[in-house]
$ cat input-v7.tsv   # TSV, N, CA and C atoms
chain	number	residue	atom	x	y	z
B	956	GLN	N	50.43	-58.18	-25.41
B	956	GLN	CA	49.31	-58.44	-24.53
B	956	GLN	C	49.78	-59.27	-23.34
B	957	VAL	N	49.29	-58.91	-22.18
B	957	VAL	CA	49.66	-59.61	-20.96
B	957	VAL	C	48.47	-60.44	-20.49
B	958	GLN	N	48.75	-61.65	-20.12
B	958	GLN	CA	47.70	-62.50	-19.55
B	958	GLN	C	47.99	-62.75	-18.08
B	959	LEU	N	46.97	-62.59	-17.28
B	959	LEU	CA	47.07	-62.83	-15.85
B	959	LEU	C	46.13	-63.97	-15.49
B	960	VAL	N	46.65	-64.94	-14.79
B	960	VAL	CA	45.84	-66.11	-14.43
B	960	VAL	C	45.84	-66.27	-12.92
B	961	GLU	N	44.66	-66.13	-12.33
B	961	GLU	CA	44.53	-66.29	-10.88
B	961	GLU	C	44.19	-67.74	-10.54
B	962	SER	N	44.58	-68.13	-9.36
B	962	SER	CA	44.23	-69.46	-8.84
B	962	SER	C	44.25	-69.42	-7.33
B	963	GLY	N	43.69	-70.45	-6.71
B	963	GLY	CA	43.74	-70.55	-5.27
B	963	GLY	C	42.46	-70.23	-4.54
B	964	GLY	N	41.46	-69.77	-5.25
B	964	GLY	CA	40.19	-69.49	-4.60
B	964	GLY	C	39.48	-70.77	-4.19
B	965	GLY	N	38.40	-70.59	-3.44
B	965	GLY	CA	37.64	-71.76	-3.03
B	965	GLY	C	36.72	-71.44	-1.87
B	966	LEU	N	36.22	-72.49	-1.26
B	966	LEU	CA	35.32	-72.39	-0.11
B	966	LEU	C	36.09	-72.73	1.16
B	967	VAL	N	35.96	-71.86	2.15
B	967	VAL	CA	36.67	-72.07	3.41
B	967	VAL	C	35.78	-71.60	4.55
B	968	GLN	N	35.95	-72.20	5.71
B	968	GLN	CA	35.20	-71.77	6.88
B	968	GLN	C	35.81	-70.52	7.47
B	969	ALA	N	34.99	-69.77	8.16
B	969	ALA	CA	35.46	-68.57	8.85
B	969	ALA	C	36.62	-68.94	9.77
B	970	GLY	N	37.65	-68.09	9.74
B	970	GLY	CA	38.84	-68.35	10.52
B	970	GLY	C	39.92	-69.09	9.76
B	971	GLY	N	39.56	-69.59	8.60
B	971	GLY	CA	40.51	-70.35	7.79
B	971	GLY	C	41.40	-69.46	6.94
B	972	SER	N	42.20	-70.11	6.11
B	972	SER	CA	43.17	-69.41	5.28
B	972	SER	C	43.11	-69.89	3.84
B	973	LEU	N	43.48	-69.01	2.95
B	973	LEU	CA	43.65	-69.32	1.54
B	973	LEU	C	44.82	-68.51	1.01
B	974	ARG	N	45.47	-69.04	-0.03
B	974	ARG	CA	46.49	-68.26	-0.70
B	974	ARG	C	46.14	-68.17	-2.18
B	975	LEU	N	45.98	-66.95	-2.64
B	975	LEU	CA	45.71	-66.72	-4.06
B	975	LEU	C	47.02	-66.47	-4.80
B	976	SER	N	47.05	-66.92	-6.04
B	976	SER	CA	48.21	-66.70	-6.90
B	976	SER	C	47.77	-66.01	-8.18
B	977	CYS	N	48.63	-65.18	-8.71
B	977	CYS	CA	48.39	-64.51	-9.98
B	977	CYS	C	49.66	-64.64	-10.82
B	978	ALA	N	49.58	-65.44	-11.85
B	978	ALA	CA	50.73	-65.67	-12.72
B	978	ALA	C	50.62	-64.79	-13.96
B	979	SER	N	51.68	-64.06	-14.25
B	979	SER	CA	51.69	-63.18	-15.42
B	979	SER	C	52.46	-63.83	-16.56
B	980	SER	N	52.01	-63.54	-17.79
B	980	SER	CA	52.69	-64.07	-18.97
B	980	SER	C	53.93	-63.25	-19.32
B	981	ARG	N	54.11	-62.13	-18.64
B	981	ARG	CA	55.27	-61.27	-18.87
B	981	ARG	C	56.05	-61.12	-17.56
B	982	SER	N	57.33	-60.91	-17.69
B	982	SER	CA	58.16	-60.72	-16.51
B	982	SER	C	57.63	-59.59	-15.64
B	983	ILE	N	57.65	-59.79	-14.32
B	983	ILE	CA	57.22	-58.74	-13.41
B	983	ILE	C	58.40	-58.07	-12.72
B	984	PHE	N	59.59	-58.35	-13.20
B	984	PHE	CA	60.80	-57.82	-12.54
B	984	PHE	C	60.77	-56.30	-12.46
B	985	SER	N	60.37	-55.64	-13.55
B	985	SER	CA	60.36	-54.17	-13.58
B	985	SER	C	58.95	-53.60	-13.61
B	986	ILE	N	58.01	-54.34	-13.08
B	986	ILE	CA	56.63	-53.89	-13.14
B	986	ILE	C	56.42	-52.63	-12.32
B	987	TYR	N	55.46	-51.83	-12.71
B	987	TYR	CA	55.13	-50.60	-11.99
B	987	TYR	C	54.42	-50.93	-10.67
B	988	ALA	N	53.39	-51.75	-10.76
B	988	ALA	CA	52.64	-52.17	-9.57
B	988	ALA	C	51.74	-53.34	-9.91
B	989	MET	N	51.41	-54.10	-8.89
B	989	MET	CA	50.43	-55.18	-9.01
B	989	MET	C	49.50	-55.10	-7.82
B	990	GLY	N	48.30	-55.60	-8.00
B	990	GLY	CA	47.37	-55.53	-6.89
B	990	GLY	C	46.27	-56.56	-6.96
B	991	TRP	N	45.60	-56.72	-5.85
B	991	TRP	CA	44.42	-57.57	-5.74
B	991	TRP	C	43.21	-56.69	-5.44
B	992	TYR	N	42.16	-56.92	-6.18
B	992	TYR	CA	40.89	-56.24	-5.98
B	992	TYR	C	39.84	-57.31	-5.75
B	993	ARG	N	38.71	-56.88	-5.20
B	993	ARG	CA	37.61	-57.84	-5.03
B	993	ARG	C	36.28	-57.13	-5.26
B	994	ARG	N	35.32	-57.95	-5.67
B	994	ARG	CA	33.96	-57.46	-5.86
B	994	ARG	C	33.02	-58.44	-5.18
B	995	ALA	N	32.37	-57.94	-4.14
B	995	ALA	CA	31.38	-58.75	-3.43
B	995	ALA	C	30.02	-58.55	-4.09
B	996	PRO	N	29.12	-59.49	-3.92
B	996	PRO	CA	27.79	-59.35	-4.53
B	996	PRO	C	27.11	-58.05	-4.13
B	997	GLY	N	26.65	-57.31	-5.13
B	997	GLY	CA	25.94	-56.08	-4.86
B	997	GLY	C	26.81	-54.91	-4.47
B	998	LYS	N	28.13	-55.09	-4.55
B	998	LYS	CA	29.04	-54.00	-4.16
B	998	LYS	C	29.98	-53.68	-5.31
B	999	GLN	N	30.62	-52.53	-5.19
B	999	GLN	CA	31.59	-52.13	-6.19
B	999	GLN	C	32.93	-52.81	-5.94
B	1000	ARG	N	33.69	-52.89	-6.98
B	1000	ARG	CA	35.04	-53.45	-6.85
B	1000	ARG	C	35.88	-52.55	-5.95
B	1001	GLU	N	36.68	-53.17	-5.10
B	1001	GLU	CA	37.51	-52.40	-4.18
B	1001	GLU	C	38.92	-52.97	-4.14
B	1002	LEU	N	39.86	-52.09	-3.84
B	1002	LEU	CA	41.25	-52.50	-3.70
B	1002	LEU	C	41.42	-53.28	-2.40
B	1003	VAL	N	42.10	-54.40	-2.48
B	1003	VAL	CA	42.40	-55.20	-1.29
B	1003	VAL	C	43.83	-54.96	-0.85
B	1004	ALA	N	44.75	-55.10	-1.77
B	1004	ALA	CA	46.17	-54.92	-1.47
B	1004	ALA	C	46.92	-54.60	-2.75
B	1005	ARG	N	48.03	-53.91	-2.59
B	1005	ARG	CA	48.80	-53.47	-3.74
B	1005	ARG	C	50.28	-53.52	-3.39
B	1006	ILE	N	51.10	-53.88	-4.37
B	1006	ILE	CA	52.54	-53.90	-4.17
B	1006	ILE	C	53.18	-53.20	-5.36
B	1007	THR	N	54.07	-52.26	-5.08
B	1007	THR	CA	54.69	-51.49	-6.14
B	1007	THR	C	56.00	-52.13	-6.59
B	1008	GLY	N	56.59	-51.54	-7.62
B	1008	GLY	CA	57.83	-52.07	-8.14
B	1008	GLY	C	58.95	-52.12	-7.13
B	1009	ASP	N	58.95	-51.17	-6.19
B	1009	ASP	CA	60.02	-51.16	-5.19
B	1009	ASP	C	59.66	-51.97	-3.96
B	1010	GLY	N	58.52	-52.65	-4.00
B	1010	GLY	CA	58.14	-53.55	-2.90
B	1010	GLY	C	57.26	-52.92	-1.84
B	1011	SER	N	56.89	-51.67	-2.01
B	1011	SER	CA	56.00	-51.03	-1.04
B	1011	SER	C	54.61	-51.65	-1.13
B	1012	THR	N	53.98	-51.81	0.02
B	1012	THR	CA	52.66	-52.45	0.04
B	1012	THR	C	51.61	-51.53	0.65
B	1013	THR	N	50.40	-51.72	0.20
B	1013	THR	CA	49.24	-50.98	0.71
B	1013	THR	C	48.11	-51.97	0.92
B	1014	TYR	N	47.37	-51.80	2.01
B	1014	TYR	CA	46.26	-52.69	2.30
B	1014	TYR	C	44.99	-51.90	2.62
B	1015	ALA	N	43.87	-52.47	2.25
B	1015	ALA	CA	42.60	-51.92	2.69
B	1015	ALA	C	42.49	-52.10	4.20
B	1016	ASP	N	41.85	-51.16	4.86
B	1016	ASP	CA	41.71	-51.24	6.32
B	1016	ASP	C	41.06	-52.56	6.75
B	1017	ALA	N	40.13	-53.03	5.94
B	1017	ALA	CA	39.36	-54.23	6.32
B	1017	ALA	C	40.21	-55.50	6.37
B	1018	VAL	N	41.39	-55.47	5.73
B	1018	VAL	CA	42.20	-56.69	5.67
B	1018	VAL	C	43.55	-56.54	6.35
B	1019	LYS	N	43.86	-55.35	6.86
B	1019	LYS	CA	45.14	-55.13	7.51
B	1019	LYS	C	45.33	-56.10	8.68
B	1020	GLY	N	46.51	-56.69	8.74
B	1020	GLY	CA	46.80	-57.62	9.81
B	1020	GLY	C	46.35	-59.04	9.53
B	1021	ARG	N	45.55	-59.24	8.48
B	1021	ARG	CA	45.06	-60.57	8.13
B	1021	ARG	C	45.58	-61.04	6.78
B	1022	PHE	N	45.73	-60.13	5.84
B	1022	PHE	CA	46.17	-60.46	4.50
B	1022	PHE	C	47.60	-59.97	4.28
B	1023	SER	N	48.30	-60.69	3.41
B	1023	SER	CA	49.67	-60.29	3.08
B	1023	SER	C	49.91	-60.49	1.59
B	1024	ILE	N	50.38	-59.43	0.93
B	1024	ILE	CA	50.67	-59.49	-0.50
B	1024	ILE	C	52.16	-59.66	-0.71
B	1025	SER	N	52.53	-60.44	-1.69
B	1025	SER	CA	53.95	-60.65	-1.99
B	1025	SER	C	54.08	-61.02	-3.45
B	1026	ARG	N	55.32	-61.09	-3.91
B	1026	ARG	CA	55.52	-61.51	-5.29
B	1026	ARG	C	56.84	-62.24	-5.41
B	1027	ASP	N	56.92	-63.10	-6.41
B	1027	ASP	CA	58.13	-63.86	-6.72
B	1027	ASP	C	58.51	-63.52	-8.15
B	1028	ASN	N	59.51	-62.68	-8.30
B	1028	ASN	CA	59.91	-62.24	-9.64
B	1028	ASN	C	60.36	-63.40	-10.51
B	1029	ALA	N	61.00	-64.38	-9.92
B	1029	ALA	CA	61.51	-65.51	-10.70
B	1029	ALA	C	60.37	-66.32	-11.31
B	1030	LYS	N	59.22	-66.32	-10.65
B	1030	LYS	CA	58.07	-67.07	-11.14
B	1030	LYS	C	57.03	-66.18	-11.81
B	1031	ASN	N	57.31	-64.88	-11.88
B	1031	ASN	CA	56.36	-63.92	-12.45
B	1031	ASN	C	54.99	-64.05	-11.80
B	1032	THR	N	54.99	-64.22	-10.51
B	1032	THR	CA	53.76	-64.51	-9.79
B	1032	THR	C	53.61	-63.63	-8.56
B	1033	MET	N	52.39	-63.18	-8.36
B	1033	MET	CA	52.03	-62.41	-7.17
B	1033	MET	C	51.12	-63.27	-6.31
B	1034	TYR	N	51.20	-63.07	-5.00
B	1034	TYR	CA	50.41	-63.88	-4.07
B	1034	TYR	C	49.60	-62.99	-3.13
B	1035	LEU	N	48.54	-63.56	-2.61
B	1035	LEU	CA	47.78	-62.93	-1.53
B	1035	LEU	C	47.50	-64.01	-0.50
B	1036	GLN	N	48.20	-63.92	0.62
B	1036	GLN	CA	47.95	-64.84	1.72
B	1036	GLN	C	46.83	-64.26	2.57
B	1037	MET	N	45.76	-65.02	2.72
B	1037	MET	CA	44.59	-64.54	3.44
B	1037	MET	C	44.37	-65.42	4.66
B	1038	ASN	N	44.51	-64.83	5.82
B	1038	ASN	CA	44.32	-65.54	7.09
B	1038	ASN	C	43.12	-64.98	7.85
B	1039	SER	N	42.65	-65.74	8.81
B	1039	SER	CA	41.52	-65.30	9.65
B	1039	SER	C	40.37	-64.79	8.78
B	1040	LEU	N	40.02	-65.56	7.79
B	1040	LEU	CA	38.99	-65.14	6.84
B	1040	LEU	C	37.63	-64.99	7.51
B	1041	LYS	N	36.89	-64.02	7.03
B	1041	LYS	CA	35.56	-63.71	7.55
B	1041	LYS	C	34.54	-63.85	6.43
B	1042	PRO	N	33.29	-64.08	6.78
B	1042	PRO	CA	32.25	-64.17	5.73
B	1042	PRO	C	32.21	-62.93	4.84
B	1043	GLU	N	32.53	-61.77	5.40
B	1043	GLU	CA	32.51	-60.54	4.60
B	1043	GLU	C	33.67	-60.46	3.61
B	1044	ASP	N	34.60	-61.39	3.66
B	1044	ASP	CA	35.65	-61.47	2.65
B	1044	ASP	C	35.18	-62.20	1.39
B	1045	THR	N	33.99	-62.76	1.43
B	1045	THR	CA	33.45	-63.46	0.27
B	1045	THR	C	33.32	-62.51	-0.91
B	1046	ALA	N	33.93	-62.87	-2.02
B	1046	ALA	CA	33.94	-62.01	-3.21
B	1046	ALA	C	34.66	-62.73	-4.34
B	1047	VAL	N	34.58	-62.14	-5.51
B	1047	VAL	CA	35.46	-62.55	-6.61
B	1047	VAL	C	36.71	-61.67	-6.51
B	1048	TYR	N	37.85	-62.30	-6.48
B	1048	TYR	CA	39.12	-61.60	-6.35
B	1048	TYR	C	39.81	-61.52	-7.71
B	1049	TYR	N	40.25	-60.32	-8.04
B	1049	TYR	CA	40.87	-60.07	-9.33
B	1049	TYR	C	42.31	-59.59	-9.16
B	1050	CYS	N	43.13	-60.06	-10.04
B	1050	CYS	CA	44.52	-59.63	-10.10
B	1050	CYS	C	44.64	-58.48	-11.10
B	1051	ASN	N	45.44	-57.48	-10.75
B	1051	ASN	CA	45.66	-56.33	-11.63
B	1051	ASN	C	47.15	-56.09	-11.75
B	1052	ALA	N	47.60	-55.76	-12.95
B	1052	ALA	CA	49.02	-55.47	-13.18
B	1052	ALA	C	49.17	-54.21	-14.01
B	1053	VAL	N	50.05	-53.34	-13.56
B	1053	VAL	CA	50.36	-52.10	-14.29
B	1053	VAL	C	51.83	-52.17	-14.68
B	1054	TYR	N	52.08	-52.35	-15.97
B	1054	TYR	CA	53.46	-52.36	-16.45
B	1054	TYR	C	53.92	-50.96	-16.81
B	1055	ASN	N	53.07	-50.24	-17.54
B	1055	ASN	CA	53.36	-48.88	-17.94
B	1055	ASN	C	52.12	-48.05	-17.67
B	1056	TRP	N	52.21	-47.23	-16.64
B	1056	TRP	CA	51.06	-46.40	-16.27
B	1056	TRP	C	50.63	-45.57	-17.47
B	1057	PRO	N	49.30	-45.43	-17.76
B	1057	PRO	CA	48.19	-45.96	-16.98
B	1057	PRO	C	47.61	-47.27	-17.52
B	1058	MET	N	48.29	-47.89	-18.47
B	1058	MET	CA	47.74	-49.12	-19.04
B	1058	MET	C	47.84	-50.25	-18.02
B	1059	ASP	N	46.74	-50.94	-17.81
B	1059	ASP	CA	46.78	-52.05	-16.88
B	1059	ASP	C	46.06	-53.27	-17.45
B	1060	TYR	N	46.24	-54.38	-16.79
B	1060	TYR	CA	45.68	-55.66	-17.21
B	1060	TYR	C	44.98	-56.30	-16.02
B	1061	TRP	N	43.96	-57.12	-16.37
B	1061	TRP	CA	43.17	-57.78	-15.35
B	1061	TRP	C	43.11	-59.28	-15.60
B	1062	GLY	N	43.05	-60.04	-14.52
B	1062	GLY	CA	42.80	-61.45	-14.62
B	1062	GLY	C	41.31	-61.72	-14.70
B	1063	GLN	N	40.97	-62.99	-14.82
B	1063	GLN	CA	39.58	-63.36	-14.99
B	1063	GLN	C	38.82	-63.45	-13.67
B	1064	GLY	N	39.54	-63.47	-12.58
B	1064	GLY	CA	38.90	-63.52	-11.27
B	1064	GLY	C	38.84	-64.93	-10.70
B	1065	THR	N	38.87	-65.00	-9.39
B	1065	THR	CA	38.74	-66.29	-8.70
B	1065	THR	C	37.81	-66.09	-7.51
B	1066	GLN	N	36.88	-67.01	-7.35
B	1066	GLN	CA	35.87	-66.88	-6.30
B	1066	GLN	C	36.42	-67.34	-4.95
B	1067	VAL	N	36.19	-66.51	-3.95
B	1067	VAL	CA	36.50	-66.87	-2.57
B	1067	VAL	C	35.19	-66.81	-1.79
B	1068	THR	N	34.85	-67.90	-1.16
B	1068	THR	CA	33.62	-67.97	-0.37
B	1068	THR	C	33.97	-68.41	1.05
B	1069	VAL	N	33.58	-67.59	2.02
B	1069	VAL	CA	33.87	-67.89	3.42
B	1069	VAL	C	32.55	-68.17	4.12
B	1070	SER	N	32.41	-69.36	4.64
B	1070	SER	CA	31.17	-69.74	5.32
B	1070	SER	C	31.28	-69.47	6.81
B	1071	SER	N	30.14	-69.14	7.40
B	1071	SER	CA	30.13	-68.82	8.84
B	1071	SER	C	29.89	-70.06	9.68

$ encode --input "input-v7.tsv" --output "structure tokens"
Amino acid sequence: QVQLVESGGGLVQAGGSLRLSCASSRSIFSIYAMGWYRRAPGKQRELVARITGDGSTTYADAVKGRFSISRDNAKNTMYLQMNSLKPEDTAVYYCNAVYNWPMDYWGQGTQVTVSS
């Protein structure tokens, strides 16, 4: 069983920055892919950013140029640097890890609130 623990959420003013972290209980050195998803109130969960085992990244159009996904294999941790935050970025952010497709794991979520 893999445990994912997110941290770094909080309340920030529009235009501010936050960095989310997702620590895995298992090595991510050979992971298939990891990603960040979010669910805003009244909306479905959506992909924010994804990073594959070879380091390729994908971003939702809404966050391109503002968010950056990365990972540190030595720390078994994935990050999401969020800059120029907007009120519409307010959501619960979830970490997802795929070690062996299609089995995946989810974190418990961390709240991000952006005030206008």

$ residues_near_point --input "input-v7.tsv" --point "(29.7, -64.0, 5.2)" --cutoff "6 Å" --atoms "only C-alpha atoms" --output "VMD selection string"
chain B and resid 1042 to 1043 1069 to 1070

$ write_last_selection --input "input-v7.tsv" --atoms "N, CA and C atoms" --output "compact mmCIF listing (two decimals), keeping the file's coordinate frame"
# COMPACT_ATOMS: atom_id res chain seq x y z
N PRO B 1042 33.29 -64.08 6.78
CA PRO B 1042 32.25 -64.17 5.73
C PRO B 1042 32.21 -62.93 4.84
N GLU B 1043 32.53 -61.77 5.40
CA GLU B 1043 32.51 -60.54 4.60
C GLU B 1043 33.67 -60.46 3.61
N VAL B 1069 33.58 -67.59 2.02
CA VAL B 1069 33.87 -67.89 3.42
C VAL B 1069 32.55 -68.17 4.12
N SER B 1070 32.41 -69.36 4.64
CA SER B 1070 31.17 -69.74 5.32
C SER B 1070 31.28 -69.47 6.81

$ closest_residue --input "input-v7.tsv" --among "B:Val1067, B:Ile1006, B:Met989, B:Ala969" --to "Cys1050 in chain B" --atoms "all atoms listed in the file"
B:Met989

$ residues_around --input "input-v7.tsv" --residues "Ala1046 in chain B" --least-positions-apart "6" --cutoff "5 Å" --atoms "all atoms listed in the file" --output "PyMOL selection string"
chain B and resi 994-995+1066-1067

$ residues_around --input "input-v7.tsv" --residues "range 1009-1025 of chain B" --least-positions-apart "5" --cutoff "6 Å" --atoms "only N, CA and C atoms" --output "CSV table (one decimal) with N, CA and C atoms, in the frame of the given file"
chain,number,residue,atom,x,y,z
B,1002,LEU,N,39.9,-52.1,-3.8
B,1002,LEU,CA,41.2,-52.5,-3.7
B,1002,LEU,C,41.4,-53.3,-2.4
B,1003,VAL,N,42.1,-54.4,-2.5
B,1003,VAL,CA,42.4,-55.2,-1.3
B,1003,VAL,C,43.8,-55.0,-0.8
B,1004,ALA,N,44.8,-55.1,-1.8
B,1004,ALA,CA,46.2,-54.9,-1.5
B,1004,ALA,C,46.9,-54.6,-2.8
B,1032,THR,N,55.0,-64.2,-10.5
B,1032,THR,CA,53.8,-64.5,-9.8
B,1032,THR,C,53.6,-63.6,-8.6
B,1033,MET,N,52.4,-63.2,-8.4
B,1033,MET,CA,52.0,-62.4,-7.2
B,1033,MET,C,51.1,-63.3,-6.3
B,1034,TYR,N,51.2,-63.1,-5.0
B,1034,TYR,CA,50.4,-63.9,-4.1
B,1034,TYR,C,49.6,-63.0,-3.1
B,1035,LEU,N,48.5,-63.6,-2.6
B,1035,LEU,CA,47.8,-62.9,-1.5
B,1035,LEU,C,47.5,-64.0,-0.5
B,1036,GLN,N,48.2,-63.9,0.6
B,1036,GLN,CA,48.0,-64.8,1.7
B,1036,GLN,C,46.8,-64.3,2.6
B,1037,MET,N,45.8,-65.0,2.7
B,1037,MET,CA,44.6,-64.5,3.4
B,1037,MET,C,44.4,-65.4,4.7
B,1038,ASN,N,44.5,-64.8,5.8
B,1038,ASN,CA,44.3,-65.5,7.1
B,1038,ASN,C,43.1,-65.0,7.8
B,1039,SER,N,42.6,-65.7,8.8
B,1039,SER,CA,41.5,-65.3,9.6
B,1039,SER,C,40.4,-64.8,8.8

$ atom_distance --input "input-v7.tsv" --atom1 "atom C of Val957 in chain B" --atom2 "atom N of Ser980 in chain B"
5.4 Å

$ atom_distance --input "input-v7.tsv" --atom1 "atom N of Arg1000 in chain B" --atom2 "CA of Thr1068 in chain B"
16.5 Å

$ closest_residue --input "input-v7.tsv" --among "B:Asp1027, B:Arg993, B:Thr1007, B:Asp1059" --to "Thr1045 in chain B" --atoms "only C-alpha atoms"
B:Arg993

$ residues_around --input "input-v7.tsv" --residues "Trp1061 in chain B" --least-positions-apart "3" --cutoff "8 Å" --atoms "all atoms listed in the file" --output "PyMOL selection string"
chain B and resi 957-961+1049-1053+1064

$ closest_residue --input "input-v7.tsv" --among "B:Met1058, B:Ala1029, B:Gly1008, B:Asp1044" --to "Tyr987 in chain B" --atoms "only N, CA and C atoms"
B:Gly1008

$ atom_distance --input "input-v7.tsv" --atom1 "atom C of Thr1065 in chain B" --atom2 "atom N of Arg981 in chain B"
20.1 Å

$ residues_around --input "input-v7.tsv" --residues "Lys1030 in chain B" --least-positions-apart "5" --cutoff "7 Å" --atoms "only N, CA and C atoms" --output "tab-separated table (two decimals) with N, CA and C atoms, in the coordinates of the input"
chain	number	residue	atom	x	y	z
B	978	ALA	N	49.58	-65.44	-11.85
B	978	ALA	CA	50.73	-65.67	-12.72
B	978	ALA	C	50.62	-64.79	-13.96
B	979	SER	N	51.68	-64.06	-14.25
B	979	SER	CA	51.69	-63.18	-15.42
B	979	SER	C	52.46	-63.83	-16.56
B	983	ILE	N	57.65	-59.79	-14.32
B	983	ILE	CA	57.22	-58.74	-13.41
B	983	ILE	C	58.40	-58.07	-12.72

$ axis_aligned_box --input "input-v7.tsv" --around "range 1003-1017 of chain B" --padding-each-side "6 Å" --output "JSON"
{"center_x": 49.7, "center_y": -53.2, "center_z": -0.7, "size_x": 32.7, "size_y": 16.5, "size_z": 26.9}

$ select_by_dssp --input "input-v7.tsv" --residues "range 980-1034 of chain B" --states "strand (DSSP E)" --output "list in words"
Ala988, Met989, Gly990, Trp991, Tyr992, Arg993, Arg994, Glu1001, Leu1002, Val1003, Ala1004, Arg1005, Ile1006, Thr1007, Thr1012, Thr1013, Tyr1014, Phe1022, Ser1023, Ile1024, Ser1025, Arg1026, Asp1027, Thr1032, Met1033 and Tyr1034 of chain B

$ select_by_dssp --input "input-v7.tsv" --residues "chain B" --states "helix (DSSP H, G or I)" --output "list in words"
Asp1016, Ala1017, Val1018, Asn1028, Ala1029, Lys1030, Pro1042, Glu1043 and Asp1044 of chain B

$ residues_near_point --input "input-v7.tsv" --point "(59.6, -60.0, -13.0)" --cutoff "5 Å" --atoms "all atoms listed in the file" --output "compact mmCIF listing (two decimals) with N, CA and C atoms, in the coordinates of the input"
# COMPACT_ATOMS: atom_id res chain seq x y z
N SER B 982 57.33 -60.91 -17.69
CA SER B 982 58.16 -60.72 -16.51
C SER B 982 57.63 -59.59 -15.64
N ILE B 983 57.65 -59.79 -14.32
CA ILE B 983 57.22 -58.74 -13.41
C ILE B 983 58.40 -58.07 -12.72
N PHE B 984 59.59 -58.35 -13.20
CA PHE B 984 60.80 -57.82 -12.54
C PHE B 984 60.77 -56.30 -12.46
N SER B 985 60.37 -55.64 -13.55
CA SER B 985 60.36 -54.17 -13.58
C SER B 985 58.95 -53.60 -13.61
N ASN B 1028 59.51 -62.68 -8.30
CA ASN B 1028 59.91 -62.24 -9.64
C ASN B 1028 60.36 -63.40 -10.51
